$ cat protein.pdb   # PDB, C-alpha atoms
ATOM      1  CA  MET A 255      -3.627   2.717  27.418
ATOM      2  CA  ALA A 256      -7.153   4.074  27.007
ATOM      3  CA  ALA A 257      -7.159   4.999  30.674
ATOM      4  CA  ILE A 258      -4.037   7.096  30.423
ATOM      5  CA  GLU A 259      -5.352   8.839  27.308
ATOM      6  CA  GLN A 260      -8.555   9.743  29.126
ATOM      7  CA  HIS A 261      -6.620  10.779  32.201
ATOM      8  CA  VAL A 262      -4.380  13.134  30.272
ATOM      9  CA  GLU A 263      -7.353  14.563  28.391
ATOM     10  CA  HIS A 264      -9.092  15.257  31.684
ATOM     11  CA  GLU A 265      -5.988  16.891  33.103
ATOM     12  CA  HIS A 266      -5.228  19.193  30.185
ATOM     13  CA  GLY A 267      -8.459  19.444  28.246
ATOM     14  CA  HIS A 268      -6.961  18.100  24.996
ATOM     15  CA  ALA A 269      -5.777  14.784  23.631
ATOM     16  CA  SER A 270      -2.306  13.393  24.312
ATOM     17  CA  PRO A 271       0.051  12.839  21.333
ATOM     18  CA  GLN A 272      -0.684   9.108  21.517
ATOM     19  CA  ALA A 273      -4.451   9.698  21.528
ATOM     20  CA  ARG A 274      -4.042  12.129  18.619
ATOM     21  CA  LEU A 275      -2.113   9.480  16.681
ATOM     22  CA  GLU A 276      -4.819   6.877  17.336
ATOM     23  CA  ASN A 277      -7.521   9.317  16.184
ATOM     24  CA  LEU A 278      -5.579  10.156  13.027
ATOM     25  CA  LYS A 279      -4.993   6.478  12.307
ATOM     26  CA  PHE A 280      -8.684   5.688  12.724
ATOM     27  CA  ALA A 281      -9.618   8.521  10.354
ATOM     28  CA  THR A 282      -7.022   7.364   7.832
ATOM     29  CA  TRP A 283      -8.293   3.771   7.895
ATOM     30  CA  LEU A 284     -11.827   5.095   7.250
ATOM     31  CA  TYR A 285     -10.502   7.089   4.289
ATOM     32  CA  LEU A 286      -8.700   3.990   3.011
ATOM     33  CA  ALA A 287     -11.992   2.078   3.265
ATOM     34  CA  SER A 288     -13.507   4.463   0.705
ATOM     35  CA  GLU A 289     -10.481   3.944  -1.541
ATOM     36  CA  VAL A 290     -10.901   0.163  -1.256
ATOM     37  CA  ILE A 291     -14.423   0.424  -2.694
ATOM     38  CA  ILE A 292     -13.277   2.537  -5.654
ATOM     39  CA  PHE A 293     -10.360   0.264  -6.542
ATOM     40  CA  THR A 294     -12.437  -2.891  -5.977
ATOM     41  CA  VAL A 295     -15.009  -1.711  -8.509
ATOM     42  CA  LEU A 296     -12.329  -0.736 -11.032
ATOM     43  CA  ILE A 297     -10.417  -4.013 -10.698
ATOM     44  CA  ALA A 298     -13.543  -6.191 -10.645
ATOM     45  CA  THR A 299     -14.799  -4.503 -13.814
ATOM     46  CA  TYR A 300     -11.478  -5.225 -15.500
ATOM     47  CA  VAL A 301     -11.497  -8.852 -14.344
ATOM     48  CA  VAL A 302     -14.990  -9.449 -15.748
ATOM     49  CA  PHE A 303     -13.945  -7.909 -19.088
ATOM     50  CA  SER A 304     -10.775  -9.981 -19.030
ATOM     51  CA  LEU A 305     -12.675 -13.244 -18.439
ATOM     52  CA  ASN A 306     -14.951 -12.515 -21.409
ATOM     53  CA  ASN A 307     -12.175 -11.290 -23.753
ATOM     54  CA  ARG A 308      -9.182 -13.566 -23.214
ATOM     55  CA  ASP A 309      -7.893 -13.078 -26.780
ATOM     56  CA  VAL A 310      -7.789  -9.285 -26.441
ATOM     57  CA  VAL A 311      -5.977  -9.470 -23.101
ATOM     58  CA  HIS A 312      -3.474 -11.959 -24.510
ATOM     59  CA  GLU A 313      -2.845  -9.678 -27.509
ATOM     60  CA  VAL A 314      -2.196  -6.669 -25.255
ATOM     61  CA  HIS A 315       0.077  -8.675 -22.962
ATOM     62  CA  GLU A 316       2.185  -9.664 -25.964
ATOM     63  CA  LYS A 317       2.427  -6.071 -27.167
ATOM     64  CA  ALA A 318       3.196  -4.561 -23.783
ATOM     65  CA  GLY A 319       5.655  -7.087 -22.383
ATOM     66  CA  ILE A 320       5.948  -7.749 -18.696
ATOM     67  CA  MET A 321       9.516  -6.824 -17.754
ATOM     68  CA  LEU A 322       9.011  -3.060 -17.540
ATOM     69  CA  VAL A 323       5.959  -3.467 -15.314
ATOM     70  CA  ALA A 324       7.710  -6.115 -13.193
ATOM     71  CA  PHE A 325      10.617  -3.722 -12.661
ATOM     72  CA  ASN A 326       8.130  -0.987 -11.758
ATOM     73  CA  THR A 327       6.477  -3.326  -9.263
ATOM     74  CA  PHE A 328       9.840  -3.977  -7.662
ATOM     75  CA  LEU A 329      10.423  -0.198  -7.426
ATOM     76  CA  LEU A 330       7.107   0.376  -5.662
ATOM     77  CA  LEU A 331       7.753  -2.450  -3.202
ATOM     78  CA  ALA A 332      11.186  -0.936  -2.540
ATOM     79  CA  SER A 333       9.594   2.472  -1.971
ATOM     80  CA  SER A 334       7.310   0.947   0.666
ATOM     81  CA  TRP A 335      10.339  -0.595   2.338
ATOM     82  CA  ALA A 336      12.139   2.791   2.248
ATOM     83  CA  MET A 337       9.074   4.440   3.768
ATOM     84  CA  VAL A 338       8.863   2.096   6.741
ATOM     85  CA  MET A 339      12.642   2.228   7.246
ATOM     86  CA  GLY A 340      12.359   6.024   7.420
ATOM     87  CA  LEU A 341       9.685   5.780  10.108
ATOM     88  CA  ARG A 342      11.890   3.280  11.972
ATOM     89  CA  GLN A 343      14.825   5.699  11.880
ATOM     90  CA  LEU A 344      12.625   8.489  13.250
ATOM     91  CA  LYS A 345      11.406   6.286  16.105
ATOM     92  CA  LEU A 346      15.060   5.521  16.862
ATOM     93  CA  GLY A 347      15.675   9.265  17.084
ATOM     94  CA  ASN A 348      17.536   9.632  13.768
ATOM     95  CA  ARG A 349      15.808  12.501  11.945
ATOM     96  CA  GLN A 350      18.440  12.636   9.194
ATOM     97  CA  GLY A 351      17.811   8.949   8.563
ATOM     98  CA  LEU A 352      14.117   9.737   8.122
ATOM     99  CA  ILE A 353      14.918  12.426   5.546
ATOM    100  CA  SER A 354      17.219  10.087   3.597
ATOM    101  CA  TRP A 355      14.756   7.179   3.473
ATOM    102  CA  ILE A 356      11.736   9.369   2.626
ATOM    103  CA  SER A 357      13.788  11.032  -0.127
ATOM    104  CA  LEU A 358      14.429   7.560  -1.536
ATOM    105  CA  THR A 359      10.687   6.832  -1.275
ATOM    106  CA  ALA A 360       9.874   9.970  -3.269
ATOM    107  CA  LEU A 361      12.562   9.216  -5.864
ATOM    108  CA  LEU A 362      11.278   5.672  -6.413
ATOM    109  CA  GLY A 363       7.743   7.058  -6.718
ATOM    110  CA  VAL A 364       8.868   9.520  -9.398
ATOM    111  CA  ILE A 365      10.649   6.756 -11.334
ATOM    112  CA  PHE A 366       7.533   4.563 -11.047
ATOM    113  CA  VAL A 367       5.294   7.241 -12.571
ATOM    114  CA  SER A 368       7.868   8.018 -15.280
ATOM    115  CA  LEU A 369       8.081   4.359 -16.312
ATOM    116  CA  GLN A 370       4.284   4.136 -16.266
ATOM    117  CA  TYR A 371       4.266   7.009 -18.768
ATOM    118  CA  VAL A 372       6.716   5.064 -20.956
ATOM    119  CA  GLU A 373       4.431   2.033 -20.754
ATOM    120  CA  TYR A 374       1.388   4.141 -21.705
ATOM    121  CA  ARG A 375       3.232   5.517 -24.751
ATOM    122  CA  THR A 376       4.115   1.982 -25.858
ATOM    123  CA  LEU A 377       0.527   0.793 -25.446
ATOM    124  CA  SER A 378      -0.868   3.899 -27.124
ATOM    125  CA  ASP A 379       1.367   3.307 -30.142
ATOM    126  CA  ALA A 380       0.080  -0.266 -30.226
ATOM    127  CA  GLY A 381      -3.521   0.963 -30.428
ATOM    128  CA  VAL A 382      -4.537   0.612 -26.806
ATOM    129  CA  VAL A 383      -6.314   3.918 -26.288
ATOM    130  CA  LEU A 384      -8.569   5.358 -23.609
ATOM    131  CA  PHE A 385     -11.455   6.473 -25.829
ATOM    132  CA  TYR A 386     -13.678   4.087 -27.771
ATOM    133  CA  SER A 387     -12.580   3.928 -31.406
ATOM    134  CA  GLY A 388     -14.413   0.830 -32.537
ATOM    135  CA  GLY A 389     -11.772  -1.823 -31.949
ATOM    136  CA  ALA A 390     -11.547  -4.419 -29.211
ATOM    137  CA  LEU A 391      -8.278  -2.878 -28.037
ATOM    138  CA  SER A 392      -9.996   0.393 -27.207
ATOM    139  CA  GLU A 393     -12.558  -1.498 -25.126
ATOM    140  CA  PHE A 394      -9.608  -2.939 -23.272
ATOM    141  CA  GLY A 395      -8.022   0.500 -22.967
ATOM    142  CA  MET A 396     -10.982   2.000 -21.175
ATOM    143  CA  ARG A 397     -10.841  -0.719 -18.551
ATOM    144  CA  PHE A 398      -7.054  -0.736 -18.314
ATOM    145  CA  TYR A 399      -6.265   2.978 -18.042
ATOM    146  CA  ALA A 400      -8.968   3.741 -15.436
ATOM    147  CA  PRO A 401      -7.496   1.662 -12.574
ATOM    148  CA  THR A 402      -3.815   2.073 -13.483
ATOM    149  CA  ALA A 403      -3.980   5.829 -14.104
ATOM    150  CA  PHE A 404      -6.084   6.353 -10.968
ATOM    151  CA  HIS A 405      -3.401   4.462  -9.088
ATOM    152  CA  GLY A 406      -0.704   6.559 -10.789
ATOM    153  CA  ALA A 407      -2.487   9.702  -9.588
ATOM    154  CA  HIS A 408      -2.279   8.324  -6.058
ATOM    155  CA  VAL A 409       1.456   7.796  -6.476
ATOM    156  CA  ILE A 410       1.869  11.409  -7.635
ATOM    157  CA  VAL A 411      -0.068  12.629  -4.578
ATOM    158  CA  GLY A 412       2.115  10.365  -2.436
ATOM    159  CA  VAL A 413       5.310  11.835  -3.887
ATOM    160  CA  LEU A 414       4.083  15.365  -3.114
ATOM    161  CA  TRP A 415       3.157  14.227   0.399
ATOM    162  CA  ALA A 416       6.638  12.703   0.817
ATOM    163  CA  LEU A 417       8.212  16.035  -0.177
ATOM    164  CA  PHE A 418       6.004  17.733   2.453
ATOM    165  CA  ILE A 419       7.222  15.219   5.047
ATOM    166  CA  ILE A 420      10.848  15.947   4.113
ATOM    167  CA  TRP A 421      10.196  19.699   4.367
ATOM    168  CA  ASN A 422       8.610  19.223   7.805
ATOM    169  CA  ALA A 423      11.447  16.964   8.963
ATOM    170  CA  ARG A 424      14.038  19.565   7.922
ATOM    171  CA  ARG A 425      12.188  22.115  10.066
ATOM    172  CA  GLY A 426      12.497  19.745  13.014
ATOM    173  CA  ASN A 427       8.765  19.080  13.296
ATOM    174  CA  TYR A 428       9.174  15.339  13.904
ATOM    175  CA  SER A 429      10.870  13.431  16.693
ATOM    176  CA  ALA A 430      11.032   9.979  18.267
ATOM    177  CA  THR A 431       7.870  10.802  20.216
ATOM    178  CA  ASN A 432       6.129  12.951  17.604
ATOM    179  CA  TYR A 433       5.817  10.929  14.415
ATOM    180  CA  ALA A 434       2.052  10.945  13.723
ATOM    181  CA  GLY A 435       2.437  12.798  10.409
ATOM    182  CA  VAL A 436       4.989  10.303   9.123
ATOM    183  CA  GLU A 437       2.979   7.272  10.249
ATOM    184  CA  ILE A 438      -0.202   8.556   8.566
ATOM    185  CA  PHE A 439       1.701   9.165   5.326
ATOM    186  CA  GLY A 440       3.068   5.623   5.674
ATOM    187  CA  LEU A 441      -0.445   4.173   5.885
ATOM    188  CA  TYR A 442      -1.369   5.964   2.645
ATOM    189  CA  TRP A 443       1.803   4.989   0.801
ATOM    190  CA  HIS A 444       1.619   1.320   1.819
ATOM    191  CA  PHE A 445      -2.038   1.220   0.792
ATOM    192  CA  VAL A 446      -1.038   2.480  -2.654
ATOM    193  CA  ASP A 447       1.519  -0.344  -2.696
ATOM    194  CA  VAL A 448      -1.135  -2.936  -1.744
ATOM    195  CA  VAL A 449      -3.396  -1.718  -4.550
ATOM    196  CA  TRP A 450      -0.544  -2.107  -7.047
ATOM    197  CA  ILE A 451       0.145  -5.650  -5.816
ATOM    198  CA  PHE A 452      -3.383  -6.592  -6.931
ATOM    199  CA  LEU A 453      -3.288  -4.491 -10.111
ATOM    200  CA  PHE A 454      -0.040  -6.176 -11.137
ATOM    201  CA  THR A 455      -1.483  -9.657 -10.636
ATOM    202  CA  PHE A 456      -4.960  -9.156 -12.079
ATOM    203  CA  ILE A 457      -4.101  -6.863 -14.992
ATOM    204  CA  TYR A 458      -0.611  -7.885 -16.055
ATOM    205  CA  LEU A 459      -0.156 -11.507 -14.993
ATOM    206  CA  ILE A 460      -3.538 -13.229 -15.239
TER     207      ILE A 460
ATOM    208  CA  MET B  47       1.208  18.350  42.339
ATOM    209  CA  THR B  48       0.717  14.713  43.288
ATOM    210  CA  ASP B  49      -1.914  14.374  40.566
ATOM    211  CA  LEU B  50       0.438  15.858  38.019
ATOM    212  CA  SER B  51       3.280  13.477  38.893
ATOM    213  CA  THR B  52       0.833  10.542  38.738
ATOM    214  CA  THR B  53      -0.207  11.683  35.279
ATOM    215  CA  VAL B  54       3.410  11.896  34.137
ATOM    216  CA  GLU B  55       4.118   8.430  35.539
ATOM    217  CA  HIS B  56       1.114   7.016  33.694
ATOM    218  CA  ALA B  57       2.178   8.758  30.481
ATOM    219  CA  GLU B  58       5.651   7.258  30.789
ATOM    220  CA  GLU B  59       4.138   3.802  31.347
ATOM    221  CA  ALA B  60       1.935   4.269  28.290
ATOM    222  CA  ALA B  61       4.911   5.370  26.200
ATOM    223  CA  GLN B  62       6.863   2.335  27.429
ATOM    224  CA  GLU B  63       3.931   0.078  26.435
ATOM    225  CA  VAL B  64       4.009   1.458  22.910
ATOM    226  CA  HIS B  65       7.795   1.174  22.770
ATOM    227  CA  ASP B  66       7.688  -2.449  23.956
ATOM    228  CA  SER B  67       5.049  -3.425  21.416
ATOM    229  CA  HIS B  68       7.247  -2.013  18.629
ATOM    230  CA  SER B  69      10.604  -3.125  20.029
ATOM    231  CA  ALA B  70      10.819  -6.057  17.594
ATOM    232  CA  ASP B  71      10.426  -3.530  14.757
ATOM    233  CA  HIS B  72      13.387  -1.551  16.097
ATOM    234  CA  SER B  73      15.743  -4.514  16.386
ATOM    235  CA  ASP B  74      18.534  -4.972  13.849
ATOM    236  CA  LYS B  75      17.976  -8.727  13.956
ATOM    237  CA  THR B  76      14.990 -10.850  13.014
ATOM    238  CA  VAL B  77      14.270 -14.328  14.336
ATOM    239  CA  ILE B  78      12.221 -16.587  12.048
ATOM    240  CA  LEU B  79      11.539 -20.166  13.163
ATOM    241  CA  GLY B  80      14.569 -20.096  15.435
ATOM    242  CA  THR B  81      16.893 -18.733  12.759
ATOM    243  CA  THR B  82      18.414 -15.306  13.372
ATOM    244  CA  ILE B  83      18.762 -13.004  10.374
ATOM    245  CA  ASN B  84      20.983  -9.926  10.642
ATOM    246  CA  ALA B  85      18.422  -7.525   9.216
ATOM    247  CA  PRO B  86      15.431  -5.599  10.561
ATOM    248  CA  ILE B  87      12.036  -7.245  10.150
ATOM    249  CA  TYR B  88      11.115  -4.678   7.477
ATOM    250  CA  THR B  89      14.048  -5.724   5.297
ATOM    251  CA  VAL B  90      13.159  -9.388   5.727
ATOM    252  CA  VAL B  91       9.576  -8.625   4.668
ATOM    253  CA  PHE B  92      10.885  -6.726   1.636
ATOM    254  CA  GLY B  93      12.973  -9.776   0.711
ATOM    255  CA  ALA B  94       9.863 -11.964   0.962
ATOM    256  CA  LEU B  95       7.895  -9.507  -1.198
ATOM    257  CA  ALA B  96      10.639  -9.504  -3.852
ATOM    258  CA  LEU B  97      10.833 -13.318  -3.844
ATOM    259  CA  LEU B  98       7.062 -13.640  -4.176
ATOM    260  CA  THR B  99       7.126 -11.190  -7.098
ATOM    261  CA  PHE B 100       9.809 -13.274  -8.860
ATOM    262  CA  PHE B 101       7.701 -16.367  -8.144
ATOM    263  CA  GLU B 102       4.659 -14.700  -9.714
ATOM    264  CA  LEU B 103       6.687 -13.687 -12.759
ATOM    265  CA  ALA B 104       8.047 -17.212 -13.177
ATOM    266  CA  VAL B 105       4.573 -18.747 -12.900
ATOM    267  CA  ALA B 106       3.064 -16.260 -15.357
ATOM    268  CA  GLU B 107       5.849 -16.525 -17.926
ATOM    269  CA  LEU B 108       6.864 -20.185 -17.759
ATOM    270  CA  LEU B 109       3.690 -22.121 -16.968
ATOM    271  CA  PRO B 110       0.557 -22.421 -19.113
ATOM    272  CA  ARG B 111      -2.391 -20.346 -17.957
ATOM    273  CA  ASN B 112      -4.973 -22.522 -16.220
ATOM    274  CA  PHE B 113      -6.956 -22.702 -12.995
ATOM    275  CA  VAL B 114      -3.975 -23.865 -10.919
ATOM    276  CA  THR B 115      -1.561 -21.162 -12.089
ATOM    277  CA  THR B 116      -4.243 -18.479 -11.752
ATOM    278  CA  THR B 117      -4.927 -19.643  -8.192
ATOM    279  CA  LEU B 118      -1.195 -19.580  -7.426
ATOM    280  CA  LEU B 119      -0.911 -16.014  -8.704
ATOM    281  CA  VAL B 120      -3.909 -14.811  -6.707
ATOM    282  CA  VAL B 121      -2.708 -16.522  -3.520
ATOM    283  CA  ALA B 122       0.793 -15.040  -3.939
ATOM    284  CA  SER B 123      -0.652 -11.542  -4.357
ATOM    285  CA  ILE B 124      -2.850 -11.994  -1.264
ATOM    286  CA  ILE B 125       0.190 -13.112   0.774
ATOM    287  CA  LYS B 126       2.125 -10.049  -0.421
ATOM    288  CA  ALA B 127      -0.745  -7.718   0.488
ATOM    289  CA  VAL B 128      -1.134  -9.308   3.930
ATOM    290  CA  LEU B 129       2.607  -8.925   4.596
ATOM    291  CA  VAL B 130       2.458  -5.213   3.736
ATOM    292  CA  VAL B 131      -0.674  -4.634   5.817
ATOM    293  CA  LEU B 132       0.568  -6.559   8.865
ATOM    294  CA  PHE B 133       4.170  -5.362   8.992
ATOM    295  CA  TYR B 134       4.440  -2.106   7.042
ATOM    296  CA  MET B 135       1.009  -0.750   8.028
ATOM    297  CA  HIS B 136       1.553  -2.173  11.539
ATOM    298  CA  LEU B 137      -1.829  -3.882  11.701
ATOM    299  CA  LYS B 138      -0.249  -6.724  13.706
ATOM    300  CA  ASP B 139       0.248  -4.235  16.564
ATOM    301  CA  ASP B 140      -2.783  -2.011  15.942
ATOM    302  CA  ASN B 141      -6.461  -2.454  16.636
ATOM    303  CA  PRO B 142      -7.578  -5.519  14.626
ATOM    304  CA  LEU B 143     -10.850  -3.711  13.892
ATOM    305  CA  TYR B 144      -8.880  -1.646  11.354
ATOM    306  CA  ALA B 145      -8.780  -4.782   9.208
ATOM    307  CA  LEU B 146     -12.523  -4.309   8.708
ATOM    308  CA  ALA B 147     -11.715  -1.069   6.881
ATOM    309  CA  LEU B 148     -10.091  -3.221   4.206
ATOM    310  CA  VAL B 149     -12.257  -6.347   4.213
ATOM    311  CA  LEU B 150     -15.763  -4.881   4.547
ATOM    312  CA  PRO B 151     -15.546  -2.379   1.638
ATOM    313  CA  LEU B 152     -13.866  -5.075  -0.457
ATOM    314  CA  PHE B 153     -16.835  -7.363   0.131
ATOM    315  CA  ILE B 154     -19.402  -4.603  -0.499
ATOM    316  CA  GLY B 155     -17.565  -3.419  -3.616
ATOM    317  CA  LEU B 156     -17.420  -6.923  -5.091
ATOM    318  CA  ILE B 157     -21.096  -7.647  -4.366
ATOM    319  CA  ALA B 158     -22.183  -4.333  -5.894
ATOM    320  CA  THR B 159     -19.979  -4.735  -8.972
ATOM    321  CA  PHE B 160     -20.989  -8.299  -9.778
ATOM    322  CA  PHE B 161     -24.649  -7.475  -9.204
ATOM    323  CA  LEU B 162     -24.459  -4.533 -11.622
ATOM    324  CA  LEU B 163     -22.505  -6.556 -14.180
ATOM    325  CA  ALA B 164     -25.153  -9.277 -14.019
ATOM    326  CA  VAL B 165     -27.830  -6.832 -15.186
ATOM    327  CA  PRO B 166     -28.337  -7.383 -18.947
ATOM    328  CA  THR B 167     -27.732  -4.239 -21.010
ATOM    329  CA  SER B 168     -29.177  -5.362 -24.335
ATOM    330  CA  THR B 169     -32.788  -6.024 -23.349
ATOM    331  CA  TYR B 170     -33.882  -2.440 -22.777
TER     332      TYR B 170
END
$ encode --input "protein.pdb" --output "structure tokens"
Amino acid sequence: MAAIEQHVEHEHGHASPQARLENLKFATWLYLASEVIIFTVLIATYVVFSLNNRDVVHEVHEKAGIMLVAFNTFLLLASSWAMVMGLRQLKLGNRQGLISWISLTALLGVIFVSLQYVEYRTLSDAGVVLFYSGGALSEFGMRFYAPTAFHGAHVIVGVLWALFIIWNARRGNYSATNYAGVEIFGLYWHFVDVVWIFLFTFIYLI
Amino acid sequence: MTDLSTTVEHAEEAAQEVHDSHSADHSDKTVILGTTINAPIYTVVFGALALLTFFELAVAELLPRNFVTTTLLVVASIIKAVLVVLFYMHLKDDNPLYALALVLPLFIGLIATFFLLAVPTSTY
């Protein structure tokens, strides 16, 4: 594989589509590495607070309820499935299938963020606020909103990226042999899903 | 001309290599432990993710919180993350060095965080 990439580069003076995809994937994994550090720090900070303030966490869990967040988790997992099914359709040569699945991905992402807003309103009404106001709940809020809202921002970026993918697909810019843009978006979107898997467990379940 | 046709042949072989390595992903059937399921591997993985999420919910809601249940929840979340990374992010077919992009920063981030949290704040 490496040999053919080098051979084609030598012949034409620029990278083959496959070599370009590998380069993009490598760059994306490096970017994701930086994201891992940020989310690790945010989650670890929450976990340490949680271990030292079990009563506060229990109180918030009772106020917030788990069903809405569990449903949201299911939506995000489904969006990841829709994403990879879209890429599969493209690789099978079905561009319309790609558009349909990525549209579903974007829709599920929008619903996820909307329900997260509903959850924030509920928690805010219950006294869980971002700024420090003297109570234990506000100490919790600072550590809760930072990772979840940062994740939510990633979902919003992902939805915009999905719309860009759909726009590109409609213009015929992707094919069964040219899918680098879709695959790179997939890496990002699935990473956002992986982060939520841990946020859901460490913040809402434990 | 001969060089060009050799290049094209090599490119086709390379494309075939990639196609072969992903052919299981393109199949409409999935074989698990000898059992054939009439669904693509991605749908089967999604089913596993959904089941694990229900399992986590059941453990968190029905069982008392202790070391065992906490361990179960953490292990379930790790299994879910590994499934997504291997199958949806295609790490099972990609360069395994990419896994370092996830594991190494995780390790560094945890070390740095716990070191900073261990520093007392009230003695200054």
$ closest_residue --input "protein.pdb" --among "B:Asn84, B:Thr99, B:Ser123, B:Asn112" --to "Val449 (chain A)" --atoms "all atoms listed in the file"
B:Ser123
$ residues_around --input "protein.pdb" --residues "Ser304 (chain A)" --least-positions-apart "2" --cutoff "12 Å" --atoms "only C-alpha atoms" --output "number ranges by chain"
A: 297-302, 306-315, 390-391, 393-395, 397-398, 456-460
$ interface_residues --input "protein.pdb" --of "chain B" --to "chain A" --cutoff "6 Å" --atoms "all atoms listed in the file" --output "list in words"
Ala60, Ala106, Ala127, Met135, Ala147, Leu148, Pro151, Leu152, Gly155 and Thr159 of chain B
$ write_last_selection --input "protein.pdb" --atoms "C-alpha atoms" --output "short mmCIF file (atom, residue, chain, number, x, y, z; two decimals), in the frame of the given file"
data_model
loop_
_atom_site.label_atom_id
_atom_site.label_comp_id
_atom_site.auth_asym_id
_atom_site.auth_seq_id
_atom_site.Cartn_x
_atom_site.Cartn_y
_atom_site.Cartn_z
CA ALA B 60 1.94 4.27 28.29
CA ALA B 106 3.06 -16.26 -15.36
CA ALA B 127 -0.74 -7.72 0.49
CA MET B 135 1.01 -0.75 8.03
CA ALA B 147 -11.72 -1.07 6.88
CA LEU B 148 -10.09 -3.22 4.21
CA PRO B 151 -15.55 -2.38 1.64
CA LEU B 152 -13.87 -5.08 -0.46
CA GLY B 155 -17.57 -3.42 -3.62
CA THR B 159 -19.98 -4.74 -8.97
#
$ resolve_selection --input "protein.pdb" --expression "the PyMOL selection byres ((chain B and resi 75) around 6)" --output "count of residues only"
7
$ closest_residue --input "protein.pdb" --among "B:Tyr134, B:Phe113, B:Phe153, B:Phe160" --to "Phe92 (chain B)" --atoms "all atoms listed in the file"
B:Tyr134
$ atom_distance --input "protein.pdb" --atom1 "CA of Val411 (chain A)" --atom2 "CA of Lys317 (chain A)"
29.4 Å
$ closest_residue --input "protein.pdb" --among "A:Asn326, A:Thr359, A:Thr402, A:Gln370" --to "Phe439 (chain A)" --atoms "all atoms listed in the file"
A:Thr359
$ atom_distance --input "protein.pdb" --atom1 "CA of Asn432 (chain A)" --atom2 "CA of Gly347 (chain A)"
10.2 Å
$ residues_around --input "protein.pdb" --residues "Thr115 (chain B)" --least-positions-apart "4" --cutoff "10 Å" --atoms "only C-alpha atoms" --output "list in words"
Ile460 of chain A; Glu102, Val105, Ala106, Leu109, Pro110, Arg111, Leu119, Val120 and Val121 of chain B
$ atom_distance --input "protein.pdb" --atom1 "CA of Ser429 (chain A)" --atom2 "CA of Leu344 (chain A)"
6.3 Å
$ closest_residue --input "protein.pdb" --among "B:Ile157, B:Val131, B:Ala104, B:Ala145" --to "Leu118 (chain B)" --atoms "only C-alpha atoms"
B:Ala104
$ resolve_selection --input "protein.pdb" --expression "the PyMOL selection byres ((chain A and resi 422) around 12)" --output "MDAnalysis selection string"
chainID A and resid 349:350 352:353 356 415:421 423:429 432:433 435:436
$ closest_residue --input "protein.pdb" --among "A:Ala281, A:Gly412, A:Leu330, A:Ala400" --to "Val130 (chain B)" --atoms "all atoms listed in the file"
A:Leu330
$ closest_residue --input "protein.pdb" --among "A:Pro401, A:Gly406, A:Val323, A:Ala360" --to "Glu373 (chain A)" --atoms "all atoms listed in the file"
A:Val323
$ residues_around --input "protein.pdb" --residues "Ser392 (chain A)" --least-positions-apart "4" --cutoff "12 Å" --atoms "only C-alpha atoms" --output "number ranges by chain"
A: 310-311, 314, 377-378, 380-388, 396-399
